[in-house]
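File shown here: run-v4.cif, holding mmCIF, C-alpha atoms.
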data_query
loop_
_atom_site.label_atom_id
_atom_site.label_comp_id
_atom_site.auth_asym_id
_atom_site.auth_seq_id
_atom_site.Cartn_x
_atom_site.Cartn_y
_atom_site.Cartn_z
CA MET A 8 0.90 -4.18 -10.55
CA ALA A 9 4.21 -4.82 -12.34
CA LEU A 10 4.11 -5.07 -16.11
CA ILE A 11 5.90 -8.43 -15.97
CA GLN A 12 5.51 -11.21 -13.42
CA GLY A 13 8.98 -12.00 -12.13
CA ILE A 14 10.67 -15.01 -10.58
CA PRO A 15 12.29 -15.60 -7.17
CA GLY A 16 15.87 -14.33 -7.08
CA GLU A 17 18.35 -11.77 -5.81
CA PHE A 18 19.56 -8.44 -7.15
CA GLU A 19 23.02 -7.93 -8.55
CA PRO A 20 25.22 -5.09 -7.19
CA GLN A 21 23.97 -1.69 -8.35
CA PRO A 22 25.95 1.46 -9.36
CA TRP A 23 24.71 3.17 -6.19
CA GLY A 24 25.16 0.25 -3.76
CA GLU A 25 23.25 -2.96 -3.07
CA ALA A 26 19.76 -4.31 -2.43
CA ILE A 27 19.60 -6.87 0.39
CA LEU A 28 16.64 -9.13 1.14
CA ARG A 29 16.14 -8.86 4.92
CA SER A 30 13.05 -11.08 4.95
CA ARG A 31 10.84 -12.47 2.24
CA GLU A 32 8.81 -9.21 2.07
CA LEU A 33 11.43 -6.64 3.13
CA LEU A 34 14.28 -5.13 1.08
CA LEU A 35 17.06 -2.87 2.35
CA LEU A 36 18.75 -0.52 -0.10
CA ARG A 37 22.26 0.35 1.13
CA ILE A 38 23.44 3.51 -0.62
CA ALA A 39 27.22 3.65 -1.05
CA CYS A 40 27.27 6.30 -3.80
CA ARG A 41 24.58 8.98 -4.00
CA PRO A 42 23.39 9.50 -7.61
CA PRO A 43 23.77 13.10 -8.85
CA ASP A 44 20.00 13.46 -9.28
CA HIS A 45 19.36 11.97 -5.78
CA GLU A 46 17.26 9.19 -7.32
CA VAL A 47 18.04 5.52 -6.74
CA ARG A 48 16.80 3.13 -9.42
CA LEU A 49 16.36 -0.57 -8.63
CA PRO A 50 15.78 -2.36 -11.95
CA GLY A 51 13.60 -5.44 -12.27
CA LEU A 52 11.54 -5.31 -9.07
CA ALA A 53 8.41 -7.21 -10.06
CA THR A 54 6.78 -7.17 -6.59
CA THR A 55 4.80 -4.02 -5.80
CA PRO A 56 6.11 -2.05 -2.78
CA ARG A 57 3.82 -1.44 0.19
CA HIS A 58 5.80 1.55 1.45
CA VAL A 59 9.33 3.01 1.23
CA VAL A 60 10.92 4.70 4.27
CA GLU A 61 14.23 5.62 5.86
CA ASP A 62 15.34 2.61 7.88
CA HIS A 63 16.32 4.42 11.10
CA SER A 64 13.81 7.28 11.27
CA GLY A 65 10.84 5.65 9.52
CA LYS A 66 10.39 8.84 7.46
CA ALA A 67 8.48 8.17 4.25
CA LEU A 68 10.37 8.65 1.00
CA THR A 69 8.97 9.59 -2.38
CA TRP A 70 8.98 6.68 -4.83
CA ARG A 71 7.45 5.63 -8.13
CA ARG A 72 7.32 2.69 -10.51
CA ASP A 73 8.94 3.06 -13.94
CA GLY A 74 7.94 -0.11 -15.76
CA ASP A 75 9.45 -2.86 -13.63
CA ASP A 76 11.93 -0.50 -11.96
CA LEU A 77 11.57 1.08 -8.52
CA VAL A 78 12.79 4.71 -8.35
CA VAL A 79 13.32 6.23 -4.88
CA ARG A 80 13.98 9.93 -4.23
CA LEU A 81 16.65 10.43 -1.54
CA PRO A 82 16.86 13.45 0.78
CA GLU A 83 19.13 16.03 -0.85
CA ALA A 84 21.01 16.81 2.38
CA GLY A 85 22.93 14.64 4.81
CA GLU A 86 24.31 11.16 4.49
CA PRO A 87 22.31 8.84 2.22
CA PRO A 88 19.97 6.77 4.40
CA VAL A 89 19.48 3.04 4.35
CA VAL A 90 16.16 2.65 2.55
CA ARG A 91 13.61 0.10 3.75
CA VAL A 92 11.22 -1.21 1.11
CA ALA A 93 8.27 -3.21 2.42
CA LEU A 94 6.76 -5.43 -0.28
CA GLN A 95 3.19 -6.55 -0.89
CA GLY A 96 4.31 -10.13 -1.36
CA LYS A 97 7.36 -12.36 -1.74
CA LEU A 98 10.25 -10.82 -3.63
CA ARG A 99 10.11 -11.55 -7.35
CA ILE A 100 12.49 -10.05 -9.88
CA VAL A 101 12.91 -9.59 -13.61
CA PRO A 102 16.52 -10.72 -14.27
CA PRO A 103 18.63 -8.24 -16.25
CA ASP A 104 19.11 -10.73 -19.11
CA THR A 105 15.34 -11.14 -19.61
CA VAL A 106 14.33 -10.91 -23.28
CA THR A 107 10.81 -10.15 -24.48
CA ALA A 108 9.62 -11.77 -27.71
CA ASN A 109 9.61 -9.54 -30.80
CA ALA A 110 6.44 -8.55 -32.64
CA ASP A 111 6.29 -11.98 -34.33
CA GLY A 112 6.56 -13.74 -30.95
CA VAL A 113 10.13 -14.86 -31.72
CA TRP A 114 13.24 -14.94 -29.51
CA ASP A 115 16.71 -15.03 -31.12
CA LEU A 116 19.18 -15.55 -28.26
CA THR A 117 22.96 -15.74 -28.00
CA PRO A 118 23.40 -17.41 -24.60
CA THR A 119 25.85 -15.81 -22.17
CA GLY A 120 25.09 -18.42 -19.53
CA SER A 121 22.33 -20.66 -18.33
CA PRO A 122 19.47 -20.23 -17.92
CA ALA A 123 18.09 -17.69 -20.38
CA HIS A 124 15.01 -15.74 -19.29
CA LEU A 125 12.08 -15.20 -21.67
CA VAL A 126 8.86 -13.17 -21.59
CA ALA A 127 6.01 -13.70 -24.06
CA ARG A 128 3.81 -10.79 -25.09
CA ARG A 129 0.80 -13.12 -25.11
CA ALA A 130 0.11 -16.71 -24.10
CA THR A 131 1.09 -19.15 -26.85
CA ASP A 132 2.61 -22.56 -27.51
CA VAL A 133 6.24 -22.33 -28.64
CA ALA A 134 9.01 -24.65 -29.80
CA VAL A 135 12.77 -24.28 -29.31
CA ARG A 136 15.61 -24.75 -31.79
CA PHE A 137 19.13 -25.08 -30.36
CA ILE A 138 22.13 -24.36 -32.59
CA GLY A 139 25.56 -25.60 -31.59
CA LEU A 140 27.46 -28.80 -30.83
CA ALA A 141 26.49 -31.82 -28.75
CA GLU A 142 27.61 -35.43 -28.56
CA PRO A 143 25.04 -37.38 -30.62
CA ASP A 144 24.45 -40.00 -27.89
CA SER A 145 24.32 -37.54 -24.99
CA ARG A 146 21.03 -37.09 -23.09
CA HIS A 147 19.38 -33.78 -22.29
CA GLN A 148 16.28 -32.65 -20.40
CA ILE A 149 14.80 -29.51 -21.96
CA ARG A 150 12.58 -27.61 -19.51
CA LEU A 151 10.45 -24.56 -20.20
CA ALA A 152 7.18 -23.23 -18.77
CA GLY A 153 6.51 -26.28 -16.62
CA ARG A 154 7.00 -28.84 -19.39
CA ARG A 155 9.97 -31.16 -20.00
CA TYR A 156 11.23 -33.23 -22.93
CA GLY A 157 14.08 -35.74 -22.95
CA VAL A 158 16.18 -35.64 -26.13
CA THR A 159 19.48 -37.00 -27.42
CA GLY A 160 22.34 -34.75 -28.50
CA HIS A 161 21.46 -35.62 -32.10
CA GLN A 162 17.87 -34.39 -31.62
CA LEU A 163 19.02 -31.36 -29.63
CA THR A 164 20.74 -29.69 -32.58
CA ARG A 165 18.79 -31.16 -35.51
CA THR A 166 15.13 -30.42 -34.82
CA THR A 167 12.78 -28.16 -32.90
CA ILE A 168 11.70 -29.26 -29.42
CA GLY A 169 8.24 -28.61 -27.99
CA PRO A 170 5.54 -27.51 -27.69
CA PHE A 171 5.89 -25.49 -24.49
CA PRO A 172 2.93 -23.43 -23.12
CA MET A 173 4.37 -19.94 -22.64
CA PRO A 174 2.26 -17.76 -20.30
CA GLU A 175 1.58 -14.09 -20.98
CA ARG A 176 4.03 -11.51 -19.58
CA ARG A 177 5.68 -13.82 -17.06
CA VAL A 178 9.42 -14.47 -16.78
CA VAL A 179 10.20 -18.07 -17.69
CA ALA A 180 13.65 -19.66 -17.39
CA LEU A 181 15.10 -21.78 -20.20
CA PRO A 182 18.18 -23.82 -19.20
CA VAL A 183 20.61 -23.85 -22.12
CA PRO A 184 22.72 -27.00 -22.65
CA ALA A 185 26.50 -26.70 -22.90
CA GLY A 186 27.78 -26.29 -26.45
CA VAL A 187 24.77 -24.29 -27.63
CA ARG A 188 25.78 -20.98 -29.22
CA ARG A 189 22.35 -19.73 -30.35
CA VAL A 190 18.72 -20.37 -29.47
CA LEU A 191 15.63 -19.70 -31.60
CA VAL A 192 12.21 -19.82 -29.97
CA ALA A 193 9.04 -19.27 -31.99
CA PRO A 194 5.29 -19.89 -31.77
CA VAL A 195 4.18 -23.26 -33.05
CA GLY A 196 3.10 -22.78 -36.68
CA THR A 197 5.81 -20.24 -37.53
CA VAL A 198 8.19 -20.67 -40.46
CA LEU A 199 11.26 -18.69 -39.44
CA ALA A 200 14.21 -17.36 -41.45
CA SER A 201 17.47 -16.58 -39.66
CA ILE A 202 21.01 -15.53 -40.58
CA HIS A 203 24.15 -17.27 -39.31
CA PRO A 204 27.46 -15.57 -40.10
CA GLY A 205 30.76 -17.35 -40.74
CA ARG A 206 34.26 -16.06 -41.44
CA ASP A 207 33.51 -14.66 -44.91
CA GLU A 208 30.12 -16.16 -45.61
CA LEU A 209 26.56 -16.24 -44.37
CA THR A 210 24.20 -19.16 -43.97
CA VAL A 211 20.53 -18.35 -44.46
CA VAL A 212 18.42 -20.89 -42.58
CA VAL A 213 14.68 -21.54 -42.65
CA THR A 214 13.18 -23.55 -39.77
CA ASN A 215 9.69 -25.01 -39.76
CA PHE A 216 8.16 -24.55 -36.30
CA GLY A 217 4.82 -25.76 -37.68
CA ARG A 218 2.99 -29.08 -37.68
CA THR A 219 2.75 -29.51 -41.46
CA PRO A 220 5.37 -29.42 -44.26
CA ALA A 221 6.31 -25.94 -45.49
CA CYS A 222 7.36 -24.45 -48.81
CA GLY A 223 8.30 -20.98 -49.88
CA GLU A 224 10.69 -18.46 -51.36
CA VAL A 225 13.65 -16.77 -49.68
CA GLU A 226 15.52 -13.57 -50.60
CA LEU A 227 18.47 -11.86 -48.89
CA PRO A 228 18.44 -8.08 -49.54
CA LEU A 229 21.86 -6.44 -49.11
CA PRO A 230 23.00 -2.88 -48.36
CA ALA A 231 24.28 -0.68 -51.18
CA GLY A 232 27.77 -1.76 -52.20
CA TRP A 233 27.43 -5.29 -50.82
CA SER A 234 27.24 -8.35 -53.07
CA ALA A 235 26.66 -12.07 -52.59
CA THR A 236 27.23 -15.18 -54.66
CA GLU A 237 23.55 -16.06 -54.16
CA GLN A 238 20.62 -14.07 -52.80
CA ALA A 239 17.48 -16.06 -53.62
CA TRP A 240 16.34 -19.63 -52.98
CA THR A 241 13.22 -21.77 -52.89
CA PHE A 242 12.29 -24.75 -50.71
CA ASP A 243 9.53 -27.36 -50.73
CA GLY A 244 8.48 -30.19 -48.44
CA LEU A 245 10.31 -28.86 -45.34
CA ASP A 246 9.13 -31.25 -42.63
CA PRO A 247 7.87 -30.03 -39.24
CA GLY A 248 10.73 -29.34 -36.85
CA ARG A 249 13.39 -29.38 -39.55
CA SER A 250 15.65 -26.70 -41.06
CA VAL A 251 17.16 -26.04 -44.47
CA GLY A 252 20.07 -23.69 -45.17
CA TRP A 253 22.03 -22.07 -47.97
CA VAL A 254 25.57 -20.71 -47.81
CA THR A 255 26.43 -17.51 -49.65
CA ARG A 256 29.67 -15.52 -49.75
CA VAL A 257 29.24 -11.82 -49.04
CA ALA A 258 31.60 -8.99 -50.04
CA GLY A 259 31.52 -5.24 -49.66
CA PRO A 260 33.00 -2.24 -47.89
CA ALA A 261 33.82 -2.55 -44.21
CA GLY A 262 30.96 -1.81 -41.87
CA ALA A 263 28.08 -3.33 -39.98
CA HIS A 264 24.50 -3.57 -41.18
CA GLU A 265 21.39 -5.29 -39.88
CA LEU A 266 20.23 -7.84 -42.44
CA LEU A 267 16.70 -9.23 -42.66
CA VAL A 268 15.69 -12.14 -44.88
CA ARG A 269 12.53 -11.81 -46.94
CA LEU A 270 10.57 -15.03 -46.50
CA ASP A 271 7.34 -15.93 -48.26
CA ALA A 272 6.07 -19.16 -46.70
CA GLY A 273 2.47 -18.31 -45.88
CA ARG A 274 0.86 -16.09 -43.28
CA ARG A 275 3.01 -17.39 -40.39
CA SER A 276 6.26 -16.39 -42.06
CA ALA A 277 8.76 -14.57 -39.82
CA SER A 278 12.33 -13.39 -40.11
CA SER A 279 14.87 -12.67 -37.40
CA PRO A 280 17.22 -9.73 -38.10
CA TYR A 281 20.95 -10.10 -37.52
CA LEU A 282 23.75 -7.50 -37.33
CA VAL A 283 26.47 -8.53 -39.79
CA ALA A 284 29.89 -6.85 -39.97
CA LEU A 285 32.34 -6.96 -42.88
CA GLY A 286 35.99 -6.02 -42.73
#

Would you write out, as structure tokens, the structure that this file holds?
Amino acid sequence: MALIQGIPGEFEPQPWGEAILRSRELLLLRIACRPPDHEVRLPGLATTPRHVVEDHSGKALTWRRDGDDLVVRLPEAGEPPVVRVALQGKLRIVPPDTVTANADGVWDLTPTGSPAHLVARRATDVAVRFIGLAEPDSRHQIRLAGRRYGVTGHQLTRTTIGPFPMPERRVVALPVPAGVRRVLVAPVGTVLASIHPGRDELTVVVTNFGRTPACGEVELPLPAGWSATEQAWTFDGLDPGRSVGWVTRVAGPAGAHELLVRLDAGRRSASSPYLVALG
């Protein structure tokens, strides 16, 4: 069984050729460029193969699963064959942009398109916080894990949206509205700190994904040689679904470092790291 339950879809072109769905339970691997190690890797195949053979001769080929990848060993001599992969069910894939939640159950996404694809380590209710621009009076339908909420553009970028019942280890698509530049997803109950860089400043933001008001203390540790106009803050009475932020100017030698806010807001405190570059 695959580690992750995938979704219906098609494979993108591969370095060695292409994977073509001949029928709903049959894949053909057309090899245009033989890999030096004679092994063809098809990433993100969530459906278990029944058997793998040469298409014309029917000769069985050696294959194995590597996580959610299928690895097929090609004959070392002759022209690369067309490989026929019979599946044990309908084709389901794990898209290459799929992101698994971190150890705190949090996703911090920079959308490259829509939808985004998420996998939860365990079943949990989550809420979503979109960061970006939207017309205040615009209307949006936010869909995730079989649940839908209608919100205005004002609500879209000002508060968390949810809850959504995320299943365990199953790919779930999250359509991302236009104008959104970052997406935070966290289990309901979490108080999450995140970092948002500007031209020569950072904004440290705390978002309450819980159901009750939150309070706490925030600190921004910096690498050696870096300095900031402010590094510590407190907050109180942060309503459910809302965020609070502080802007600080950062200076230091050129370079990139991963920053992580220290947040003390109870046992459900979490912090999302962010790679920040100066210079």

(Q) Which residues are close to range 159-167 of chain A, i.e. within 12 Å by all atoms listed in the file, leaving aside same-chain residues fewer than 2 positions away? Reply as an MDAnalysis selection string. (A) chainID A and resid 133:149 156:157 169:171 183:199 213:218 245:251

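When CA of Pro22 in chain A is paired with CA of His45 in chain A, their separation reads 12.9 Å.
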
(Q) What's the separation between CA of Thr131 in chain A and CA of Leu52 in chain A, in Å to one decimal place? (A)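 Separating CA of Thr131 in chain A from CA of Leu52 in chain A is a distance of 24.8 Å.
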
Q. Between A:Pro87, A:Gly16, A:Gly273, A:Pro182, which is the closest to Val225 in chain A once you count all atoms listed in the file?
A.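 Among A:Pro87, A:Gly16, A:Gly273, A:Pro182, it is A:Gly273 that comes nearest to Val225 in chain A.
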
**Q.** CA of Asp111 in chain A to CA of Gln238 in chain A, straight-line distance in Å
**A.** 23.5 Å

**Q.** Top pick for closest residue to Ala130 in chain A, considering A:Leu266, A:Val254, A:Ala108, A:Leu35 and counting all atoms listed in the file
**A.** A:Ala108

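The residues returned by the PyMOL selection byres ((chain A and resi 30) around 10) for this structure are Ile27, Leu28, Arg29, Arg31, Glu32, Leu33, Leu34, Leu35, Ala93, Leu94, Lys97 and Leu98 of chain A.
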
Q: Measuring atom to atom with only C-alpha atoms, identify which of A:Ala53, A:Leu151, A:Val47, A:Leu181 is nearest to Trp70 in chain A.
A: A:Val47

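The residues caught by the PyMOL selection byres ((chain A and resi 64-67) around 12) in this file are Arg57, His58, Val59, Val60, Glu61, Asp62, His63, Leu68, Thr69, Trp70, Val79, Arg80, Leu81, Pro82, Pro88, Val89, Val90, Arg91, Val92 and Ala93 of chain A.
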
**Q.** Among listed residues A:Ala263, A:Ala284, A:Ala180, A:Ala200, nearest Pro102 in chain A (using all atoms listed in the file)
**A.** A:Ala180

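Among the candidates A:Thr236, A:Thr255, A:Thr241, A:Thr219, the residue lying nearest to Asp271 in chain A is A:Thr241 (atoms considered: only C-alpha atoms).
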
Q.
Under the rule that only C-alpha atoms are counted, which of A:Leu267, A:Pro280, A:Asp132, A:Ala258 is the nearest residue to Asp207 in chain A?
A.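 Using only C-alpha atoms, the shortest distance to Asp207 in chain A belongs to A:Ala258.
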
Q: Might you pull out every residue within 12 Å of Pro260 in chain A, with all atoms listed in the file counted and same-chain residues fewer than 3 positions away left off, and present them as a PyMOL selection string?
A: chain A and resi 229-234+257+263-264+284-286

Q: Evaluate the PyMOL selection byres ((chain A and resi 109) around 10) here and jot the selected residues down as a list of chain:residue names.
A: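 Selection result, ordered by chain and number: A:Val106, A:Thr107, A:Ala108, A:Ala110, A:Asp111, A:Gly112, A:Val113, A:Trp114, A:Asp115, A:Val126, A:Ala127, A:Arg128, A:Ala193, A:Ser279.
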